[in-house]
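For reference, entry-v3.txt (compact mmCIF, C-alpha atoms):
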```
# COMPACT_ATOMS: atom_id res chain seq x y z
CA MET A 647 7.01 -5.59 23.89
CA PRO A 648 4.72 -6.57 20.96
CA GLU A 649 5.56 -9.66 18.93
CA LEU A 650 7.86 -8.77 16.05
CA LYS A 651 6.44 -9.37 12.60
CA MET A 652 9.30 -7.76 10.70
CA TYR A 653 11.51 -9.80 8.43
CA HIS A 654 15.14 -9.69 9.61
CA ALA A 655 13.85 -8.04 12.77
CA GLU A 656 17.29 -7.74 14.39
CA GLN A 657 18.62 -5.79 11.40
CA LYS A 658 15.67 -3.45 11.41
CA GLU A 659 15.94 -2.94 15.17
CA ARG A 660 19.57 -1.98 14.59
CA PHE A 661 18.38 0.49 11.97
CA PHE A 662 16.01 2.13 14.49
CA THR A 663 18.88 2.60 16.93
CA GLU A 664 21.73 3.60 14.65
CA ALA A 665 19.65 5.86 12.42
CA GLY A 666 18.25 7.69 15.45
CA ILE A 667 14.61 6.97 14.64
CA SER A 668 12.25 8.69 17.08
CA ALA A 669 9.51 6.74 18.86
CA PRO A 670 6.65 8.17 16.72
CA MET A 671 8.60 7.52 13.51
CA GLU A 672 9.51 4.02 14.67
CA LYS A 673 5.82 3.17 14.89
CA LEU A 674 5.36 4.25 11.26
CA PHE A 675 8.39 2.23 10.17
CA ARG A 676 7.10 -0.85 11.99
CA ASN A 677 3.77 -0.60 10.19
CA VAL A 678 5.55 -0.44 6.83
CA PHE A 679 7.91 -3.31 7.69
CA ASP A 680 4.97 -5.41 8.86
CA PHE A 681 3.47 -4.81 5.42
CA THR A 682 6.64 -5.81 3.54
CA ALA A 683 7.37 -8.86 5.72
CA PRO A 684 5.21 -11.41 3.82
CA TYR A 685 6.85 -10.41 0.53
CA GLU A 686 10.32 -10.65 2.07
CA GLU A 687 9.40 -14.06 3.51
CA GLU A 688 8.21 -15.18 0.08
CA LYS A 689 11.51 -14.19 -1.52
CA GLY A 690 13.59 -15.29 1.45
CA ALA A 691 15.49 -12.01 1.33
CA ASP A 692 15.42 -8.61 3.03
CA ILE A 693 14.03 -5.84 0.85
CA CYS A 694 17.39 -4.06 0.95
CA THR A 695 18.81 -6.80 -1.33
CA TRP A 696 16.09 -6.54 -3.99
CA THR A 697 16.36 -5.13 -7.51
CA ASP A 698 14.75 -1.90 -8.73
CA GLU A 699 11.83 -3.75 -10.32
CA GLU A 700 11.21 -5.87 -7.23
CA VAL A 701 11.17 -2.84 -4.93
CA LYS A 702 8.97 -0.93 -7.38
CA ARG A 703 6.27 -3.55 -6.92
CA ILE A 704 6.23 -2.81 -3.18
CA TYR A 705 6.14 0.92 -3.85
CA GLU A 706 3.03 0.48 -5.98
CA LEU A 707 1.35 -1.63 -3.31
CA LEU A 708 2.17 0.95 -0.65
CA SER A 709 0.96 3.87 -2.73
CA GLY A 710 -2.15 5.55 -1.41
CA PHE A 711 -4.87 7.50 -3.18
CA ARG A 712 -3.28 10.92 -2.72
CA SER A 713 0.34 11.53 -3.73
CA TYR A 714 1.40 12.74 -0.28
CA SER A 715 0.30 9.48 1.38
CA SER A 716 2.15 7.48 -1.28
CA ASN A 717 5.35 9.48 -0.91
CA ASN A 718 5.38 9.29 2.87
CA ARG A 719 5.38 5.48 2.99
CA VAL A 720 7.76 5.10 0.06
CA ASN A 721 10.19 7.55 1.64
CA LEU A 722 10.29 5.43 4.79
CA ILE A 723 11.38 2.45 2.72
CA LYS A 724 13.98 4.55 0.92
CA ARG A 725 15.42 5.77 4.20
CA TYR A 726 15.92 2.18 5.33
CA LEU A 727 17.42 1.14 1.99
CA LYS A 728 19.91 4.02 2.10
CA TRP A 729 20.92 3.16 5.67
CA CYS A 730 21.56 -0.44 4.61
CA VAL A 731 23.86 0.69 1.78
CA ASP A 732 25.66 3.27 3.94
CA SER A 733 26.10 0.76 6.77
CA GLY A 734 27.58 -1.88 4.49
CA ILE A 735 24.83 -4.42 5.09
CA GLN A 736 25.72 -7.60 3.21
CA ASP A 737 24.13 -7.80 -0.26
CA ALA A 738 22.43 -4.40 0.14
CA SER A 739 21.84 -3.44 -3.48
CA GLY A 740 20.45 0.08 -3.32
CA GLY A 741 17.59 -1.14 -5.48
CA GLY A 742 14.63 1.22 -5.30
CA LEU A 743 16.56 4.29 -4.16
CA GLU A 744 16.25 6.07 -7.50
CA ILE A 745 12.73 4.91 -8.32
CA ARG A 746 9.79 7.28 -8.02
CA ALA A 747 6.47 5.67 -7.10
CA ASP A 748 3.55 7.36 -8.80
CA GLY A 749 0.74 5.08 -7.62
CA MET A 750 -0.99 5.63 -10.94
CA LYS A 751 -2.81 2.30 -10.96
CA LYS A 752 -4.49 2.93 -7.61
CA PHE A 753 -5.20 6.54 -8.50
CA ARG A 754 -6.89 5.38 -11.72
CA GLU A 755 -9.13 3.06 -9.69
CA MET A 756 -10.28 5.90 -7.46
CA THR A 757 -10.88 8.87 -9.76
CA LEU A 758 -13.29 9.86 -12.51
CA ALA A 759 -12.59 11.44 -15.88
CA GLY A 760 -15.69 13.65 -15.84
CA PRO A 761 -19.50 13.71 -15.61
CA GLU A 762 -19.97 11.11 -18.35
CA HIS A 763 -17.68 8.72 -16.50
CA LEU A 764 -19.54 9.32 -13.24
CA GLN A 765 -22.89 8.67 -14.93
CA LYS A 766 -21.57 5.42 -16.41
CA CYS A 767 -20.40 4.27 -12.97
CA LEU A 768 -23.68 5.17 -11.28
CA ASP A 769 -25.62 3.33 -13.98
CA ALA A 770 -23.56 0.21 -13.20
CA PHE A 771 -24.89 -0.21 -9.67
CA LEU A 772 -27.98 1.99 -9.31
CA LEU A 773 -31.42 1.75 -10.91
CA PRO A 774 -32.23 4.27 -13.68
CA GLU A 775 -33.46 7.67 -12.60
CA ASP A 776 -36.89 7.22 -14.16
CA GLU A 777 -37.52 4.16 -12.00
CA SER A 778 -38.10 6.76 -9.24
CA THR A 779 -36.53 4.67 -6.47
CA THR A 780 -34.44 5.78 -3.52
CA ASP A 781 -31.37 5.06 -5.66
CA ASN A 782 -31.81 8.66 -6.79
CA ILE A 783 -30.66 9.70 -3.32
CA GLN A 784 -27.28 8.02 -3.87
CA ARG A 785 -27.12 9.56 -7.33
CA GLY A 786 -27.86 12.99 -5.91
CA PHE A 787 -25.25 12.52 -3.19
CA CYS A 788 -22.61 11.83 -5.84
CA TRP A 789 -23.65 14.63 -8.18
CA LEU A 790 -23.58 17.20 -5.40
CA ALA A 791 -20.13 15.96 -4.38
CA PHE A 792 -18.92 16.18 -7.99
CA ALA A 793 -20.28 19.73 -8.13
CA GLY A 794 -17.92 20.63 -5.26
CA LEU A 795 -20.01 20.41 -2.10
CA ALA A 796 -18.59 18.73 1.01
CA ASP A 797 -20.57 15.94 2.67
CA ASP A 798 -21.69 18.06 5.63
CA GLU A 799 -22.87 20.72 3.18
CA ILE A 800 -24.72 18.24 0.99
CA VAL A 801 -27.02 17.16 3.83
CA GLU A 802 -28.09 20.80 4.26
CA ILE A 803 -29.15 21.31 0.64
CA THR A 804 -32.86 21.97 0.23
CA ARG A 805 -35.14 21.77 -2.77
CA ASP A 806 -35.13 25.56 -2.91
CA ASP A 807 -31.33 25.55 -3.35
CA VAL A 808 -31.62 23.70 -6.68
CA ASP A 809 -32.28 25.83 -9.75
CA LEU A 810 -33.15 23.44 -12.56
CA ASP A 811 -33.46 26.18 -15.16
CA ARG A 812 -29.97 27.53 -14.51
CA ALA A 813 -28.52 24.09 -13.59
CA VAL A 814 -26.89 25.27 -10.39
CA VAL A 815 -27.06 24.56 -6.66
CA SER A 816 -26.77 27.53 -4.34
CA TYR A 817 -25.16 27.25 -0.92
CA ARG A 818 -24.00 30.09 1.33
CA GLU A 819 -23.57 32.68 -1.42
CA SER A 820 -21.79 30.24 -3.73
CA GLU A 821 -23.12 28.43 -6.76
CA TYR A 822 -22.14 24.93 -7.84
CA PRO A 823 -22.68 23.50 -11.36
CA LEU A 824 -25.10 20.73 -12.23
CA TYR A 825 -24.03 18.83 -15.33
CA PRO A 826 -26.58 17.62 -17.92
CA GLN A 827 -26.16 14.02 -16.76
CA ALA A 828 -27.27 15.05 -13.26
CA MET A 829 -30.47 16.79 -14.28
CA PRO A 830 -32.90 13.80 -14.45
CA CYS A 831 -31.92 12.79 -10.94
CA MET A 832 -32.06 16.35 -9.61
CA ARG A 833 -35.49 16.95 -11.10
CA ILE A 834 -36.88 13.86 -9.35
CA LEU A 835 -35.27 14.78 -6.03
CA LYS A 836 -36.60 18.32 -6.22
CA GLU A 837 -40.13 17.60 -7.43
CA SER A 838 -41.17 14.08 -6.39
CA THR A 839 -43.12 13.36 -3.22
CA ASP A 840 -43.01 9.55 -3.55
CA PHE A 841 -40.50 6.82 -4.30
CA LYS A 842 -41.03 3.31 -5.60
CA TYR A 843 -40.37 0.72 -2.95
CA SER A 844 -40.08 -3.03 -3.48
CA HIS A 845 -40.35 -5.73 -0.83
CA PRO A 846 -40.39 -9.54 -1.27
CA GLY A 847 -43.51 -9.77 0.89
CA TYR A 848 -45.59 -7.55 -1.36
CA GLU A 849 -47.84 -8.98 -4.08
CA LYS A 850 -46.84 -6.22 -6.46
CA ASP A 851 -43.29 -5.73 -7.71
CA PHE A 852 -43.30 -2.38 -5.96
CA ILE A 853 -45.50 0.14 -4.23
CA MET A 854 -45.29 3.91 -4.12
CA MET A 855 -44.38 5.23 -0.71
CA PRO A 856 -44.39 8.88 0.35
CA ARG A 857 -41.13 10.61 1.14
CA GLN A 858 -40.78 12.18 4.54
CA ASP A 859 -42.18 15.67 4.87
CA GLY A 860 -39.61 18.41 4.71
CA ASN A 861 -37.54 20.49 2.37
CA LYS A 862 -34.22 18.64 2.37
CA LEU A 863 -33.29 17.52 -1.13
CA LEU A 864 -32.00 14.10 -0.06
CA ARG A 865 -34.74 13.19 2.40
CA GLY A 866 -35.92 9.61 2.04
CA LEU A 867 -38.79 7.34 3.00
CA LYS A 868 -37.76 7.12 6.65
CA ASN A 869 -35.49 10.10 7.25
CA ALA A 870 -36.55 13.68 6.74
CA GLU A 871 -33.05 14.79 7.77
CA PRO A 872 -30.33 13.00 5.77
CA THR A 873 -27.07 12.31 7.61
CA VAL A 874 -23.54 12.02 6.28
CA LEU A 875 -23.08 8.62 7.91
CA ASN A 876 -26.23 7.20 6.37
CA LEU A 877 -25.47 8.55 2.89
CA ARG A 878 -21.91 7.20 2.92
CA SER A 879 -23.07 3.84 4.25
CA LYS A 880 -25.81 3.39 1.65
CA LEU A 881 -23.47 4.38 -1.18
CA SER A 882 -20.84 1.88 -0.03
CA GLN A 883 -23.39 -0.91 0.42
CA LYS A 884 -24.57 -0.55 -3.15
CA MET A 885 -21.24 0.18 -4.81
CA THR A 886 -18.94 -2.41 -3.21
CA PRO A 887 -20.63 -5.60 -4.51
CA ALA A 888 -20.79 -4.13 -8.02
CA TYR A 889 -17.11 -3.18 -7.94
CA LYS A 890 -16.09 -6.65 -6.73
CA ALA A 891 -18.19 -8.18 -9.52
CA GLY A 892 -16.34 -6.08 -12.09
CA LYS A 893 -19.38 -4.01 -13.07
CA LEU A 894 -17.57 -0.68 -12.64
CA ASP A 895 -13.95 0.40 -12.85
CA VAL A 896 -13.83 2.94 -10.00
CA LYS A 897 -14.26 2.49 -6.26
CA ILE A 898 -16.62 5.39 -5.67
CA SER A 899 -16.79 7.39 -2.48
CA SER A 900 -18.07 10.92 -1.99
CA TYR A 901 -14.52 12.25 -1.40
CA ARG A 902 -13.14 10.62 -4.54
CA VAL A 903 -16.06 11.97 -6.56
CA TRP A 904 -15.51 15.41 -4.98
CA ILE A 905 -11.83 15.61 -5.88
CA SER A 906 -12.49 14.30 -9.39
CA GLY A 907 -14.96 17.13 -9.88
CA GLN A 908 -12.37 19.64 -8.69
CA PHE A 909 -9.83 18.36 -11.22
CA TYR A 910 -12.40 18.32 -14.02
CA ARG A 911 -13.32 21.97 -13.46
CA MET A 912 -9.66 22.98 -13.14
CA TYR A 913 -9.04 21.38 -16.52
CA GLU A 914 -11.98 23.33 -17.98
CA ARG A 915 -10.45 26.55 -16.63
CA GLU A 916 -6.98 25.62 -17.86
CA GLN A 917 -8.36 24.98 -21.34
CA ALA A 918 -9.96 28.41 -21.23
CA GLY A 919 -6.53 29.94 -20.64
CA GLU A 920 -6.66 30.41 -16.88
CA PRO A 921 -3.57 29.57 -14.79
CA VAL A 922 -3.57 26.37 -12.74
CA ASP A 923 -3.76 27.51 -9.12
CA PHE A 924 -5.11 25.36 -6.31
CA GLY A 925 -4.80 28.04 -3.65
CA TYR A 926 -8.58 28.39 -3.52
CA LEU A 927 -8.96 24.64 -2.91
CA ALA A 928 -6.30 24.70 -0.20
CA ASP A 929 -8.25 27.50 1.51
CA ARG A 930 -11.48 25.53 1.18
CA THR A 931 -9.84 22.40 2.60
CA ILE A 932 -8.66 24.30 5.65
CA GLN A 933 -12.10 25.89 6.09
CA MET A 934 -13.87 22.53 5.80
CA LYS A 935 -11.58 21.00 8.42
CA GLU A 936 -12.16 23.92 10.79
CA ALA A 937 -15.92 23.66 10.19
CA SER A 938 -15.76 20.04 11.33
CA GLY A 939 -14.20 21.15 14.63
CA LYS A 940 -10.65 20.18 13.71
CA GLN A 941 -7.53 22.18 12.98
CA TYR A 942 -4.26 21.44 11.25
CA SER A 943 -1.37 20.84 13.62
CA LEU A 944 1.18 23.60 13.05
CA GLU A 945 3.35 23.28 16.14
CA LYS A 946 6.24 21.49 14.41
CA GLY A 947 9.13 23.81 13.63
CA ASN A 948 8.17 27.22 12.31
CA ARG A 949 5.29 25.99 10.22
CA SER A 950 2.56 28.54 9.65
CA LEU A 951 -0.95 28.28 8.28
CA GLU A 952 0.33 29.87 5.07
CA SER A 953 3.01 27.19 4.66
CA LYS A 954 0.31 24.55 5.19
CA ARG A 955 -1.78 26.27 2.54
CA LYS A 956 1.13 26.15 0.09
CA SER A 957 1.74 22.48 0.90
CA LEU A 958 -1.92 21.60 0.27
CA SER A 959 -1.91 23.57 -2.98
CA THR A 960 1.19 21.70 -4.16
CA ASP A 961 -0.36 18.34 -3.26
CA TYR A 962 -3.48 19.15 -5.26
CA ARG A 963 -1.37 20.30 -8.21
CA THR A 964 0.65 17.06 -8.13
CA ASP A 965 -2.49 14.93 -8.10
CA TYR A 966 -4.07 17.06 -10.81
CA GLU A 967 -1.12 16.30 -13.09
CA ARG A 968 -1.54 12.60 -12.30
CA TRP A 969 -5.24 12.87 -13.15
CA LYS A 970 -4.44 14.50 -16.50
CA ALA A 971 -1.82 11.86 -17.29
CA ILE A 972 -4.25 9.02 -16.54
CA TYR A 973 -7.06 10.38 -18.65
CA ALA A 974 -4.75 11.76 -21.35
CA VAL A 975 -6.37 15.16 -21.37
```
Would you write out, as structure tokens, the structure that this file holds?
Amino acid sequence: MPELKMYHAEQKERFFTEAGISAPMEKLFRNVFDFTAPYEEEKGADICTWTDEEVKRIYELLSGFRSYSSNNRVNLIKRYLKWCVDSGIQDASGGGLEIRADGMKKFREMTLAGPEHLQKCLDAFLLPEDESTTDNIQRGFCWLAFAGLADDEIVEITRDDVDLDRAVVSYRESEYPLYPQAMPCMRILKESTDFKYSHPGYEKDFIMMPRQDGNKLLRGLKNAEPTVLNLRSKLSQKMTPAYKAGKLDVKISSYRVWISGQFYRMYEREQAGEPVDFGYLADRTIQMKEASGKQYSLEKGNRSLESKRKSLSTDYRTDYERWKAIYAV
């Protein structure tokens, strides 16, 4: 049996038994209790004895990027707190049972208000577009994600797919918008055959090096065929030090940029009088997962693909309302 890290381990083991926690659920509970243990040790008290405000702090720390991930972990804690009260555990206060964790702070750190916000973030850790360096590849990766393209679709985009005059990207009979802030980068990626390259061993500050032959929009100096792994890795390598240094206020990833773009366009449609409906995005999410060779597990209960679609749509709607609240739009 693994070494117990939980605070008041005997009490929590009793909870597993008396509350009828299944083996898969017990593993999830143990992960959460391992997380809360240092804070319980610091206070010298089990979380079931804490006040509302004290438990709320844990809820915020447990909250994930998306609302469903936040609620899942918080609900585990609440189930334990309720059991403690119902079982008459000494000093069990019920603190935290009526609190709703919104995870707004973390959500704010991982989303963007719109194209101007994205441009500001990119400017904080990438060289300007007119420097004509490979930093334009990371810029293009983010702008295509903000436009609504998935990572595995972005790597397929060619120069011919980009219409600079109409400011759109075409992909499989769909068109995706290019915002004014994206145009300098997109023009360079579409038209340039060389990038500036600097190396400490060179006498000059930089030299011009030819891009790889090919038609892929995000091809670089070494790779004619961009890959999702390489694009994600390069973006993280450049963004993380800048974020830690306080140069930007959002931890950028292609997924976070993608979902921010979805919310921004939904807000545009809502302002134009259209109803808020994320059914189309739920369908797209399911399609993207299937395209990656995966499928949603539907074997539990009577769950159908349609119920999963409704669940995804609700999750997107919940996070959209959080996005609007954060950016006061």
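Reported to one decimal place, the separation of atom CA of Ala928 of chain A from atom CA of Ser957 of chain A is 8.4 Å.
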Applying 12 Å and all atoms listed in the file, which residues near Arg865 of chain A remain after dropping the ones on its own chain fewer than 3 positions away? List them as a ChimeraX atom specification.
/A:780-784,786-787,800-805,834-836,838-841,856-862,868-874,876-877
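Interatomic distance, atom CA of Tyr926 of chain A against atom CA of Met832 of chain A: 27.1 Å.
Of the residues listed (A:Ala759, A:Leu864, A:Ala813, A:Val896), A:Ala759 shows the shortest atom-to-atom separation from Ala974 of chain A; distances use all atoms listed in the file.
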For a quick check of understanding, using all atoms listed in the file, which of A:Ala791, A:Met912, A:Leu707, A:Ile667 has the smallest distance to Phe681 of chain A?
A:Leu707
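Ranking A:Lys893, A:Tyr913, A:Phe661, A:Gly907 by their shortest atom-to-atom distance to Asp732 of chain A, with only C-alpha atoms included, puts A:Phe661 first.
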Each residue of segment 809-910 of chain A lying at most 12 Å from segment 738-757 of chain A should get a row with its shortest atom-to-atom pair and the distance in Å to one decimal, counting only C-alpha atoms; could you produce that, ordered by chain and increasing number, as a tab-separated table?
```
residue	atom	partner	partner_atom	distance
A:Tyr889	CA	A:Glu755	CA	10.3
A:Gly892	CA	A:Glu755	CA	11.9
A:Leu894	CA	A:Glu755	CA	9.7
A:Asp895	CA	A:Glu755	CA	6.3
A:Val896	CA	A:Glu755	CA	4.7
A:Lys897	CA	A:Met756	CA	5.4
A:Ile898	CA	A:Met756	CA	6.6
A:Ser899	CA	A:Met756	CA	8.3
A:Ser900	CA	A:Met756	CA	10.8
A:Tyr901	CA	A:Thr757	CA	9.7
A:Arg902	CA	A:Thr757	CA	6.0
A:Val903	CA	A:Thr757	CA	6.8
A:Trp904	CA	A:Thr757	CA	9.3
A:Ile905	CA	A:Thr757	CA	7.8
A:Ser906	CA	A:Thr757	CA	5.7
A:Gly907	CA	A:Thr757	CA	9.2
A:Gln908	CA	A:Thr757	CA	10.9
A:Phe909	CA	A:Thr757	CA	9.7
A:Tyr910	CA	A:Thr757	CA	10.5
```
Hey, can you spit out that residue selection with C-alpha atoms as a compact mmCIF listing (two decimals), keeping the file's coordinate frame?
```txt
# COMPACT_ATOMS: atom_id res chain seq x y z
CA TYR A 889 -17.11 -3.18 -7.94
CA GLY A 892 -16.34 -6.08 -12.09
CA LEU A 894 -17.57 -0.68 -12.64
CA ASP A 895 -13.95 0.40 -12.85
CA VAL A 896 -13.83 2.94 -10.00
CA LYS A 897 -14.26 2.49 -6.26
CA ILE A 898 -16.62 5.39 -5.67
CA SER A 899 -16.79 7.39 -2.48
CA SER A 900 -18.07 10.92 -1.99
CA TYR A 901 -14.52 12.25 -1.40
CA ARG A 902 -13.14 10.62 -4.54
CA VAL A 903 -16.06 11.97 -6.56
CA TRP A 904 -15.51 15.41 -4.98
CA ILE A 905 -11.83 15.61 -5.88
CA SER A 906 -12.49 14.30 -9.39
CA GLY A 907 -14.96 17.13 -9.88
CA GLN A 908 -12.37 19.64 -8.69
CA PHE A 909 -9.83 18.36 -11.22
CA TYR A 910 -12.40 18.32 -14.02
```
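Going from atom CA of Arg719 of chain A over to atom CA of Glu952 of chain A, you cover 25.0 Å.
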Please give the centre and size of the box around segment 784-795 of chain A (axis-aligned, containing every atom listed in the file, 5 Å added per side), with values in Å to one decimal and written as AutoDock Vina command-line options.
```
--center_x -22.9 --center_y 14.3 --center_z -5.1 --size_x 19.9 --size_y 22.6 --size_z 16.1
```
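If you measure from each of A:Leu810, A:Met885, A:Ile693, A:Ala665 to Cys788 of chain A using only C-alpha atoms, the closest one turns out to be A:Met885.
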Tell me which of A:Ala828, A:Glu672, A:Tyr705, A:Arg660 sits closest to Lys766 of chain A, counting only C-alpha atoms.
A:Ala828
Nearest to Met652 of chain A among A:Asn677, A:Ser820, A:Ser844, A:Ser668, with distances taken over all atoms listed in the file: which residue is it?
A:Asn677
